[in-house]
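Structure file target-v9.cif (mmCIF, C-alpha atoms and all ligand atoms; chains and numbers go by the auth columns) is printed below.
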data_start
loop_
_atom_site.group_PDB
_atom_site.id
_atom_site.type_symbol
_atom_site.label_atom_id
_atom_site.label_comp_id
_atom_site.label_asym_id
_atom_site.label_seq_id
_atom_site.Cartn_x
_atom_site.Cartn_y
_atom_site.Cartn_z
_atom_site.B_iso_or_equiv
_atom_site.auth_seq_id
_atom_site.auth_asym_id
ATOM 1 C CA ALA A 1 -52.553 56.545 -52.154 0.00 1 A
ATOM 2 C CA LYS A 2 -54.792 55.729 -49.222 0.00 2 A
ATOM 3 C CA GLU A 3 -53.848 56.901 -45.734 0.00 3 A
ATOM 4 C CA SER A 4 -51.504 54.471 -44.000 0.00 4 A
ATOM 5 C CA PHE A 5 -52.639 53.048 -40.677 0.00 5 A
ATOM 6 C CA VAL A 6 -49.137 51.873 -39.799 0.00 6 A
ATOM 7 C CA ARG A 7 -47.909 53.562 -36.585 0.00 7 A
ATOM 8 C CA LYS A 8 -44.959 55.875 -36.915 0.00 8 A
ATOM 9 C CA PRO A 9 -42.068 55.612 -34.442 0.00 9 A
ATOM 10 C CA GLY A 10 -42.951 57.473 -31.242 0.00 10 A
ATOM 11 C CA ASP A 11 -46.666 57.581 -32.016 0.00 11 A
ATOM 12 C CA PRO A 12 -49.083 56.145 -29.455 0.00 12 A
ATOM 13 C CA LEU A 13 -51.142 53.058 -30.193 0.00 13 A
ATOM 14 C CA ARG A 14 -54.342 53.783 -32.055 0.00 14 A
ATOM 15 C CA VAL A 15 -57.329 53.322 -29.721 0.00 15 A
ATOM 16 C CA TRP A 16 -60.382 51.687 -31.247 0.00 16 A
ATOM 17 C CA ALA A 17 -63.320 51.714 -28.801 0.00 17 A
ATOM 18 C CA HIS A 18 -64.969 48.292 -29.094 0.00 18 A
ATOM 19 C CA ARG A 19 -68.757 48.713 -29.548 0.00 19 A
ATOM 20 C CA GLY A 20 -68.201 52.240 -28.157 0.00 20 A
ATOM 21 C CA GLY A 21 -67.316 52.663 -24.481 0.00 21 A
ATOM 22 C CA SER A 22 -69.002 49.333 -23.873 0.00 22 A
ATOM 23 C CA SER A 23 -67.690 48.618 -20.386 0.00 23 A
ATOM 24 C CA ALA A 24 -69.559 51.651 -19.018 0.00 24 A
ATOM 25 C CA ALA A 25 -72.656 51.920 -21.248 0.00 25 A
ATOM 26 C CA PRO A 26 -74.772 49.629 -23.445 0.00 26 A
ATOM 27 C CA GLU A 27 -72.722 48.580 -26.481 0.00 27 A
ATOM 28 C CA ASN A 28 -73.411 49.981 -29.951 0.00 28 A
ATOM 29 C CA THR A 29 -75.647 52.855 -28.739 0.00 29 A
ATOM 30 C CA ALA A 30 -75.429 56.646 -28.543 0.00 30 A
ATOM 31 C CA ALA A 31 -74.671 56.230 -24.824 0.00 31 A
ATOM 32 C CA SER A 32 -71.592 54.078 -25.468 0.00 32 A
ATOM 33 C CA ASP A 33 -70.467 56.562 -28.128 0.00 33 A
ATOM 34 C CA GLU A 34 -70.611 59.264 -25.506 0.00 34 A
ATOM 35 C CA VAL A 35 -68.462 57.237 -23.110 0.00 35 A
ATOM 36 C CA ALA A 36 -65.901 56.621 -25.869 0.00 36 A
ATOM 37 C CA ARG A 37 -65.871 60.301 -26.759 0.00 37 A
ATOM 38 C CA ARG A 38 -65.316 61.332 -23.131 0.00 38 A
ATOM 39 C CA GLY A 39 -62.455 58.855 -23.056 0.00 39 A
ATOM 40 C CA ARG A 40 -61.005 60.673 -26.090 0.00 40 A
ATOM 41 C CA ALA A 41 -61.229 57.636 -28.338 0.00 41 A
ATOM 42 C CA GLU A 42 -60.872 58.868 -31.892 0.00 42 A
ATOM 43 C CA TRP A 43 -62.341 55.688 -33.308 0.00 43 A
ATOM 44 C CA ILE A 44 -65.543 53.905 -32.331 0.00 44 A
ATOM 45 C CA GLU A 45 -66.072 50.311 -33.416 0.00 45 A
ATOM 46 C CA ASN A 46 -69.634 49.377 -34.346 0.00 46 A
ATOM 47 C CA ASP A 47 -71.224 46.333 -35.983 0.00 47 A
ATOM 48 C CA VAL A 48 -73.605 46.841 -38.908 0.00 48 A
ATOM 49 C CA GLN A 49 -76.179 44.439 -40.334 0.00 49 A
ATOM 50 C CA PRO A 50 -79.315 44.777 -42.448 0.00 50 A
ATOM 51 C CA THR A 51 -82.858 44.483 -41.112 0.00 51 A
ATOM 52 C CA LYS A 52 -85.487 42.435 -42.972 0.00 52 A
ATOM 53 C CA ASP A 53 -86.325 45.546 -45.012 0.00 53 A
ATOM 54 C CA GLY A 54 -82.700 46.371 -45.712 0.00 54 A
ATOM 55 C CA VAL A 55 -81.989 49.171 -43.244 0.00 55 A
ATOM 56 C CA PRO A 56 -78.397 49.011 -41.966 0.00 56 A
ATOM 57 C CA ILE A 57 -78.520 49.013 -38.156 0.00 57 A
ATOM 58 C CA ILE A 58 -75.875 48.997 -35.444 0.00 58 A
ATOM 59 C CA LEU A 59 -76.173 45.706 -33.557 0.00 59 A
ATOM 60 C CA HIS A 60 -73.718 42.920 -32.761 0.00 60 A
ATOM 61 C CA ASP A 61 -75.722 39.704 -32.365 0.00 61 A
ATOM 62 C CA ASP A 62 -77.835 38.073 -35.056 0.00 62 A
ATOM 63 C CA THR A 63 -80.828 38.412 -32.730 0.00 63 A
ATOM 64 C CA VAL A 64 -82.067 41.365 -30.667 0.00 64 A
ATOM 65 C CA ASP A 65 -82.507 39.130 -27.596 0.00 65 A
ATOM 66 C CA ARG A 66 -79.415 39.945 -25.548 0.00 66 A
ATOM 67 C CA THR A 67 -79.174 43.715 -26.040 0.00 67 A
ATOM 68 C CA THR A 68 -82.811 44.844 -26.267 0.00 68 A
ATOM 69 C CA ASP A 69 -86.161 44.137 -24.622 0.00 69 A
ATOM 70 C CA GLY A 70 -87.366 42.364 -27.790 0.00 70 A
ATOM 71 C CA THR A 71 -86.824 38.941 -29.307 0.00 71 A
ATOM 72 C CA GLY A 72 -86.134 37.598 -32.754 0.00 72 A
ATOM 73 C CA ALA A 73 -83.572 37.406 -35.515 0.00 73 A
ATOM 74 C CA VAL A 74 -82.542 40.711 -37.076 0.00 74 A
ATOM 75 C CA ARG A 75 -83.162 39.300 -40.554 0.00 75 A
ATOM 76 C CA ASN A 76 -86.805 38.593 -39.632 0.00 76 A
ATOM 77 C CA LEU A 77 -87.530 42.020 -38.119 0.00 77 A
ATOM 78 C CA THR A 78 -88.276 45.240 -39.979 0.00 78 A
ATOM 79 C CA PHE A 79 -86.619 48.461 -38.971 0.00 79 A
ATOM 80 C CA ALA A 80 -89.967 49.738 -37.673 0.00 80 A
ATOM 81 C CA GLN A 81 -90.113 46.750 -35.311 0.00 81 A
ATOM 82 C CA ILE A 82 -86.538 47.272 -34.094 0.00 82 A
ATOM 83 C CA ALA A 83 -86.813 51.058 -33.768 0.00 83 A
ATOM 84 C CA GLY A 84 -89.282 50.736 -30.898 0.00 84 A
ATOM 85 C CA LEU A 85 -87.098 48.439 -28.796 0.00 85 A
ATOM 86 C CA ASP A 86 -85.237 49.525 -25.684 0.00 86 A
ATOM 87 C CA ALA A 87 -81.504 48.934 -26.126 0.00 87 A
ATOM 88 C CA GLY A 88 -80.354 50.295 -22.763 0.00 88 A
ATOM 89 C CA SER A 89 -82.281 48.804 -19.852 0.00 89 A
ATOM 90 C CA TRP A 90 -80.602 45.353 -20.192 0.00 90 A
ATOM 91 C CA PHE A 91 -77.345 47.079 -19.214 0.00 91 A
ATOM 92 C CA ALA A 92 -78.623 49.275 -16.373 0.00 92 A
ATOM 93 C CA PRO A 93 -81.903 51.103 -15.598 0.00 93 A
ATOM 94 C CA ALA A 94 -80.177 54.490 -16.121 0.00 94 A
ATOM 95 C CA PHE A 95 -79.887 53.683 -19.827 0.00 95 A
ATOM 96 C CA THR A 96 -83.576 52.973 -20.401 0.00 96 A
ATOM 97 C CA GLY A 97 -84.701 54.598 -23.647 0.00 97 A
ATOM 98 C CA GLN A 98 -81.511 53.997 -25.611 0.00 98 A
ATOM 99 C CA ARG A 99 -82.382 52.836 -29.132 0.00 99 A
ATOM 100 C CA VAL A 100 -80.749 50.610 -31.716 0.00 100 A
ATOM 101 C CA PRO A 101 -79.150 53.215 -33.997 0.00 101 A
ATOM 102 C CA THR A 102 -79.284 53.080 -37.760 0.00 102 A
ATOM 103 C CA LEU A 103 -75.955 53.445 -39.520 0.00 103 A
ATOM 104 C CA GLY A 104 -77.218 56.794 -40.814 0.00 104 A
ATOM 105 C CA GLN A 105 -77.959 58.069 -37.306 0.00 105 A
ATOM 106 C CA GLN A 106 -74.581 56.857 -36.147 0.00 106 A
ATOM 107 C CA LEU A 107 -72.786 58.668 -38.956 0.00 107 A
ATOM 108 C CA ASP A 108 -74.822 61.832 -38.295 0.00 108 A
ATOM 109 C CA GLY A 109 -73.814 61.715 -34.622 0.00 109 A
ATOM 110 C CA LEU A 110 -70.139 61.332 -35.447 0.00 110 A
ATOM 111 C CA LYS A 111 -70.342 64.109 -37.999 0.00 111 A
ATOM 112 C CA THR A 112 -71.885 66.484 -35.460 0.00 112 A
ATOM 113 C CA ARG A 113 -69.886 65.557 -32.395 0.00 113 A
ATOM 114 C CA GLY A 114 -66.593 64.353 -33.882 0.00 114 A
ATOM 115 C CA GLY A 115 -64.976 60.956 -34.095 0.00 115 A
ATOM 116 C CA ASN A 116 -64.391 58.251 -36.659 0.00 116 A
ATOM 117 C CA LEU A 117 -66.035 54.904 -37.266 0.00 117 A
ATOM 118 C CA LEU A 118 -64.489 51.438 -37.408 0.00 118 A
ATOM 119 C CA LEU A 119 -67.416 49.685 -39.034 0.00 119 A
ATOM 120 C CA GLU A 120 -67.613 45.901 -38.868 0.00 120 A
ATOM 121 C CA VAL A 121 -69.738 44.434 -41.650 0.00 121 A
ATOM 122 C CA LYS A 122 -71.294 41.758 -39.453 0.00 122 A
ATOM 123 C CA GLY A 123 -73.512 38.735 -40.067 0.00 123 A
ATOM 124 C CA SER A 124 -75.250 38.085 -43.397 0.00 124 A
ATOM 125 C CA HIS A 125 -74.810 40.589 -46.185 0.00 125 A
ATOM 126 C CA THR A 126 -75.430 40.725 -49.909 0.00 126 A
ATOM 127 C CA ARG A 127 -73.752 42.963 -52.449 0.00 127 A
ATOM 128 C CA GLU A 128 -76.872 45.136 -52.180 0.00 128 A
ATOM 129 C CA SER A 129 -76.651 45.499 -48.406 0.00 129 A
ATOM 130 C CA VAL A 130 -72.973 46.441 -48.712 0.00 130 A
ATOM 131 C CA ALA A 131 -73.891 48.964 -51.424 0.00 131 A
ATOM 132 C CA ARG A 132 -76.466 50.490 -49.063 0.00 132 A
ATOM 133 C CA ILE A 133 -73.744 50.957 -46.432 0.00 133 A
ATOM 134 C CA VAL A 134 -71.570 52.726 -48.997 0.00 134 A
ATOM 135 C CA THR A 135 -74.443 55.042 -49.941 0.00 135 A
ATOM 136 C CA GLU A 136 -75.059 55.997 -46.309 0.00 136 A
ATOM 137 C CA ILE A 137 -71.375 56.856 -45.867 0.00 137 A
ATOM 138 C CA ARG A 138 -70.959 58.719 -49.156 0.00 138 A
ATOM 139 C CA ASP A 139 -74.202 60.694 -48.850 0.00 139 A
ATOM 140 C CA ARG A 140 -72.833 62.219 -45.652 0.00 140 A
ATOM 141 C CA GLY A 141 -69.354 62.907 -47.015 0.00 141 A
ATOM 142 C CA MET A 142 -67.901 60.603 -44.356 0.00 142 A
ATOM 143 C CA THR A 143 -65.628 58.350 -46.441 0.00 143 A
ATOM 144 C CA SER A 144 -62.458 59.817 -44.920 0.00 144 A
ATOM 145 C CA ARG A 145 -63.752 59.014 -41.432 0.00 145 A
ATOM 146 C CA VAL A 146 -64.734 55.367 -41.839 0.00 146 A
ATOM 147 C CA PHE A 147 -62.603 52.210 -41.744 0.00 147 A
ATOM 148 C CA VAL A 148 -64.384 48.977 -42.688 0.00 148 A
ATOM 149 C CA GLN A 149 -63.565 45.565 -41.221 0.00 149 A
ATOM 150 C CA SER A 150 -65.047 42.084 -41.540 0.00 150 A
ATOM 151 C CA PHE A 151 -64.321 38.439 -40.821 0.00 151 A
ATOM 152 C CA GLU A 152 -65.772 37.650 -44.238 0.00 152 A
ATOM 153 C CA PRO A 153 -63.441 38.184 -47.235 0.00 153 A
ATOM 154 C CA GLN A 154 -66.397 38.372 -49.628 0.00 154 A
ATOM 155 C CA HIS A 155 -67.829 41.357 -47.758 0.00 155 A
ATOM 156 C CA LEU A 156 -64.470 43.107 -48.135 0.00 156 A
ATOM 157 C CA ARG A 157 -64.287 42.248 -51.833 0.00 157 A
ATOM 158 C CA TRP A 158 -67.689 43.846 -52.393 0.00 158 A
ATOM 159 C CA MET A 159 -66.696 46.840 -50.312 0.00 159 A
ATOM 160 C CA HIS A 160 -63.470 47.292 -52.256 0.00 160 A
ATOM 161 C CA GLU A 161 -65.287 47.079 -55.606 0.00 161 A
ATOM 162 C CA LEU A 162 -68.035 49.481 -54.569 0.00 162 A
ATOM 163 C CA ALA A 163 -65.922 51.961 -52.585 0.00 163 A
ATOM 164 C CA PRO A 164 -62.220 51.636 -53.353 0.00 164 A
ATOM 165 C CA GLU A 165 -61.582 54.824 -51.353 0.00 165 A
ATOM 166 C CA LEU A 166 -62.513 53.140 -48.045 0.00 166 A
ATOM 167 C CA PRO A 167 -59.704 51.436 -46.086 0.00 167 A
ATOM 168 C CA ILE A 168 -60.495 47.821 -45.202 0.00 168 A
ATOM 169 C CA GLY A 169 -59.287 45.356 -42.575 0.00 169 A
ATOM 170 C CA LEU A 170 -59.657 41.583 -42.248 0.00 170 A
ATOM 171 C CA LEU A 171 -60.662 40.239 -38.834 0.00 171 A
ATOM 172 C CA ARG A 172 -59.202 36.895 -37.852 0.00 172 A
ATOM 173 C CA SER A 173 -59.579 34.616 -34.830 0.00 173 A
ATOM 174 C CA THR A 174 -56.875 32.287 -36.184 0.00 174 A
ATOM 175 C CA LEU A 175 -54.031 33.446 -38.399 0.00 175 A
ATOM 176 C CA ASP A 176 -53.972 32.686 -42.108 0.00 176 A
ATOM 177 C CA PRO A 177 -50.946 30.633 -43.201 0.00 177 A
ATOM 178 C CA ASP A 178 -49.827 33.638 -45.267 0.00 178 A
ATOM 179 C CA PRO A 179 -51.359 36.906 -44.008 0.00 179 A
ATOM 180 C CA VAL A 180 -49.352 38.951 -46.519 0.00 180 A
ATOM 181 C CA ALA A 181 -50.777 37.017 -49.467 0.00 181 A
ATOM 182 C CA ILE A 182 -54.367 37.533 -48.339 0.00 182 A
ATOM 183 C CA ALA A 183 -53.649 41.196 -47.573 0.00 183 A
ATOM 184 C CA LYS A 184 -52.408 41.718 -51.117 0.00 184 A
ATOM 185 C CA ASP A 185 -55.260 39.749 -52.636 0.00 185 A
ATOM 186 C CA LEU A 186 -57.948 41.734 -50.797 0.00 186 A
ATOM 187 C CA GLY A 187 -56.191 45.115 -50.880 0.00 187 A
ATOM 188 C CA LEU A 188 -56.123 45.386 -47.084 0.00 188 A
ATOM 189 C CA SER A 189 -55.045 48.462 -45.132 0.00 189 A
ATOM 190 C CA ALA A 190 -55.053 46.388 -41.934 0.00 190 A
ATOM 191 C CA TYR A 191 -54.975 42.799 -40.712 0.00 191 A
ATOM 192 C CA ASN A 192 -56.828 42.533 -37.390 0.00 192 A
ATOM 193 C CA PRO A 193 -56.232 39.312 -35.415 0.00 193 A
ATOM 194 C CA SER A 194 -57.548 38.363 -31.984 0.00 194 A
ATOM 195 C CA ASP A 195 -54.928 38.640 -29.271 0.00 195 A
ATOM 196 C CA ALA A 196 -54.805 34.838 -28.916 0.00 196 A
ATOM 197 C CA ALA A 197 -54.213 34.444 -32.644 0.00 197 A
ATOM 198 C CA PHE A 198 -51.604 37.208 -32.670 0.00 198 A
ATOM 199 C CA GLN A 199 -49.633 35.555 -29.880 0.00 199 A
ATOM 200 C CA THR A 200 -49.134 32.454 -32.031 0.00 200 A
ATOM 201 C CA ARG A 201 -46.984 34.514 -34.431 0.00 201 A
ATOM 202 C CA PRO A 202 -46.071 38.079 -33.439 0.00 202 A
ATOM 203 C CA GLY A 203 -43.648 38.129 -36.399 0.00 203 A
ATOM 204 C CA ILE A 204 -46.571 38.923 -38.712 0.00 204 A
ATOM 205 C CA VAL A 205 -46.154 42.593 -37.720 0.00 205 A
ATOM 206 C CA ALA A 206 -42.856 42.923 -39.565 0.00 206 A
ATOM 207 C CA GLU A 207 -44.147 40.945 -42.542 0.00 207 A
ATOM 208 C CA LEU A 208 -47.288 43.042 -42.898 0.00 208 A
ATOM 209 C CA HIS A 209 -45.536 46.349 -42.210 0.00 209 A
ATOM 210 C CA ALA A 210 -43.145 45.587 -45.048 0.00 210 A
ATOM 211 C CA GLN A 211 -46.231 45.733 -47.285 0.00 211 A
ATOM 212 C CA GLY A 212 -47.652 48.874 -45.628 0.00 212 A
ATOM 213 C CA VAL A 213 -50.400 46.876 -43.900 0.00 213 A
ATOM 214 C CA ALA A 214 -51.265 47.781 -40.285 0.00 214 A
ATOM 215 C CA VAL A 215 -51.973 45.275 -37.484 0.00 215 A
ATOM 216 C CA ASN A 216 -54.724 45.944 -34.929 0.00 216 A
ATOM 217 C CA VAL A 217 -55.358 43.418 -32.168 0.00 217 A
ATOM 218 C CA TRP A 218 -58.696 42.716 -30.393 0.00 218 A
ATOM 219 C CA THR A 219 -60.211 42.791 -27.801 0.00 219 A
ATOM 220 C CA VAL A 220 -57.634 43.717 -25.195 0.00 220 A
ATOM 221 C CA ASP A 221 -58.556 45.325 -21.881 0.00 221 A
ATOM 222 C CA ASP A 222 -55.483 44.528 -19.799 0.00 222 A
ATOM 223 C CA ALA A 223 -52.531 46.917 -19.437 0.00 223 A
ATOM 224 C CA THR A 224 -50.008 44.080 -19.274 0.00 224 A
ATOM 225 C CA ARG A 225 -51.055 43.005 -22.741 0.00 225 A
ATOM 226 C CA TRP A 226 -51.136 46.626 -24.007 0.00 226 A
ATOM 227 C CA ASN A 227 -47.517 46.860 -22.980 0.00 227 A
ATOM 228 C CA SER A 228 -46.523 43.628 -24.737 0.00 228 A
ATOM 229 C CA LEU A 229 -48.424 44.544 -27.879 0.00 229 A
ATOM 230 C CA GLU A 230 -46.879 47.985 -28.008 0.00 230 A
ATOM 231 C CA LYS A 231 -43.430 46.406 -27.760 0.00 231 A
ATOM 232 C CA ALA A 232 -44.372 43.916 -30.466 0.00 232 A
ATOM 233 C CA GLY A 233 -44.991 46.912 -32.748 0.00 233 A
ATOM 234 C CA VAL A 234 -48.715 46.583 -33.396 0.00 234 A
ATOM 235 C CA ASP A 235 -50.480 49.692 -34.650 0.00 235 A
ATOM 236 C CA GLY A 236 -53.672 49.733 -32.664 0.00 236 A
ATOM 237 C CA ILE A 237 -55.765 47.977 -30.054 0.00 237 A
ATOM 238 C CA ILE A 238 -59.482 47.367 -30.089 0.00 238 A
ATOM 239 C CA THR A 239 -60.576 47.661 -26.450 0.00 239 A
ATOM 240 C CA ASN A 240 -63.606 47.872 -24.181 0.00 240 A
ATOM 241 C CA ARG A 241 -61.625 50.309 -22.006 0.00 241 A
ATOM 242 C CA PRO A 242 -60.780 53.169 -24.392 0.00 242 A
ATOM 243 C CA ALA A 243 -60.352 55.853 -21.719 0.00 243 A
ATOM 244 C CA GLU A 244 -57.904 53.696 -19.768 0.00 244 A
ATOM 245 C CA LEU A 245 -55.927 52.803 -22.894 0.00 245 A
ATOM 246 C CA TYR A 246 -55.838 56.451 -23.916 0.00 246 A
ATOM 247 C CA GLY A 247 -54.509 57.401 -20.473 0.00 247 A
ATOM 248 C CA TRP A 248 -51.975 54.559 -20.483 0.00 248 A
ATOM 249 C CA ASN A 249 -50.851 55.573 -23.960 0.00 249 A
ATOM 250 C CA SER A 250 -50.332 59.226 -23.038 0.00 250 A
ATOM 251 C CA ALA A 251 -48.542 58.553 -19.789 0.00 251 A
ATOM 252 C CA PHE A 252 -45.056 57.952 -21.094 0.00 252 A
HETATM 253 O O1 LIG B . -63.274 44.544 -33.598 0.00 301 A
HETATM 254 C C1 LIG B . -63.040 43.217 -33.281 0.00 301 A
HETATM 255 C C2 LIG B . -64.227 42.565 -32.704 0.00 301 A
HETATM 256 O O2 LIG B . -65.293 43.450 -32.749 0.00 301 A
HETATM 257 C C3 LIG B . -64.597 41.294 -33.369 0.00 301 A
HETATM 258 O O3 LIG B . -65.444 40.530 -32.559 0.00 301 A
HETATM 259 O O4 LIG B . -67.571 39.636 -31.799 0.00 301 A
HETATM 260 O O5 LIG B . -66.785 41.784 -30.891 0.00 301 A
HETATM 261 O O6 LIG B . -67.594 41.660 -33.206 0.00 301 A
HETATM 262 P P1 LIG B . -66.898 40.928 -32.101 0.00 301 A
HETATM 263 CA CA CA B . -67.310 43.871 -33.846 0.00 302 A
#
Show me, as structure tokens, the structure contained in the file I just sent.
Amino acid sequence: AKESFVRKPGDPLRVWAHRGGSSAAPENTAASDEVARRGRAEWIENDVQPTKDGVPIILHDDTVDRTTDGTGAVRNLTFAQIAGLDAGSWFAPAFTGQRVPTLGQQLDGLKTRGGNLLLEVKGSHTRESVARIVTEIRDRGMTSRVFVQSFEPQHLRWMHELAPELPIGLLRSTLDPDPVAIAKDLGLSAYNPSDAAFQTRPGIVAELHAQGVAVNVWTVDDATRWNSLEKAGVDGIITNRPAELYGWNSAF
């Protein structure tokens, strides 16, 4: 059986560092990984999408405009074109020279320095681009240290077919009428709603836990909400403030 991501009584909330330590360093870069690591986050969330030539890269938006000094849609740019871009100076001059990582570089970094990866299969993918992600993970022996999530059920279906050993989670910004049914259908280890969606029906925790499915809520940076979510029994929180959540978690 796959590892359960349901929190045991007395355990702290699982901390998932959204785009790395993205409140203090440029998101989805080696620098934001470092911030997350210093904050003792065991899990770093990154977004992965394919370049024009099929290289899986770590980038959130469907264009490079906001988070690099370049312009254009990821699907129209080759990896060679993206590799030369600066992914740090938009955030602050001290981060000039940060690059858009490939998934492979990201996995290598985690393997060397420690940590696990919550990998969001983002944007447009094909079965082939999902298969390439699986190859990158397997080639490095990292399957036990990666959790895959997506808003897109089809991406999770491909992932489950290609790599049944990887735990998968469904992202949602509104709740499904029957989260348990979709969890069973897709073989989910976690159901990951936005905080706003979660608040419409906190009772889904008990329903999903009864099936062994964890609930992780995003993206929550406020200690008042951490407190409410902990009481509601959720398993983890995806946050831009991993160090603060870690400290809050350990302080009782
Ligand atoms: O992990 C949840 C969150 O990452 C989903 O939204 O837009 O930040 O990728 P987004
Ligand atoms: Ca994401």
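Using only C-alpha atoms for every distance, the candidate list A:Arg75, A:His160, A:Lys111, A:Lys184 yields A:Lys111 as the residue closest to A:Arg145.
For the residues A:Glu45, A:Ala232, A:Lys2, A:Gln199, ranking by smallest atom-to-atom distance to A:Pro164 using all atoms listed in the file places A:Lys2 first.
If you look at atom CA of A:Asp62 and atom CA of A:Val100, they are 13.3 Å away from each other.
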Correct to one decimal, the distance atom CA of A:Val146-atom CA of A:His18 is 14.6 Å
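Across A:Leu13, A:Val205, A:Ala210, A:Leu171, the tightest approach to ligand LIG 301 (chain A) is made by A:Leu171 when counting only C-alpha atoms and all ligand atoms.
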_Applying the PyMOL selection byres (((chain A and resi 53) around 8) and not hetatm) to the file I just gave you, which residues come out? Please list them as an MDAnalysis selection string._
chainID A and resid 50:52 54:55 77:79
Discussion item. Residues contacting ligand LIG 301 (chain A) - anything with an atom at most 12 Å away, using all atoms listed in the file - can you give me those as an MDAnalysis selection string?
Written reply: chainID A and resid 15:20 22 27:28 43:49 58:62 117:123 147:152 169:173 190:195 215:220 236:240
request  = Apply the PyMOL selection byres (((chain A and resi 95) around 12) and not hetatm) to the file shown and report the selected residues as a list in words.
outcome  = Ala24, Ala25, Pro26, Glu27, Thr29, Ala30, Ala31, Ser32, Thr67, Thr68, Asp86, Ala87, Gly88, Ser89, Trp90, Phe91, Ala92, Pro93, Ala94, Thr96, Gly97, Gln98 and Arg99 of chain A
Computed gap from atom CA of A:Ser144 to atom CA of A:Asp185 is 22.7 Å
So that I can see what lies close to stretch 3-5 of chain A, please list as a PDB file with C-alpha atoms, keeping the file's coordinate frame the residues with an atom at most 9 Å from it, counting all atoms listed in the file and leaving out residues fewer than 6 positions away in the same chain.
ATOM      1  CA  ARG A  14     -54.342  53.783 -32.055  1.00  0.00           C
ATOM      2  CA  PRO A 167     -59.704  51.436 -46.086  1.00  0.00           C
ATOM      3  CA  SER A 189     -55.045  48.462 -45.132  1.00  0.00           C
ATOM      4  CA  ALA A 190     -55.053  46.388 -41.934  1.00  0.00           C
ATOM      5  CA  GLY A 212     -47.652  48.874 -45.628  1.00  0.00           C
ATOM      6  CA  VAL A 213     -50.400  46.876 -43.900  1.00  0.00           C
ATOM      7  CA  ALA A 214     -51.265  47.781 -40.285  1.00  0.00           C
ATOM      8  CA  VAL A 215     -51.973  45.275 -37.484  1.00  0.00           C
ATOM      9  CA  ASP A 235     -50.480  49.692 -34.650  1.00  0.00           C
ATOM     10  CA  GLY A 236     -53.672  49.733 -32.664  1.00  0.00           C
TER      11      GLY A 236
END
Size and centre in Å, one decimal, axis-aligned box, all listed stretch 202-207 of chain A atoms plus 8 Å per side, as lines of an AutoDock Vina configuration file:
center_x = -44.7
center_y = 40.5
center_z = -38.0
size_x = 19.7
size_y = 20.8
size_z = 25.1
Selection result of the PyMOL selection byres (((chain A and resi 162) around 12) and not hetatm) on this file, as a PyMOL selection string
chain A and resi 127-135+137-138+155-161+163-166
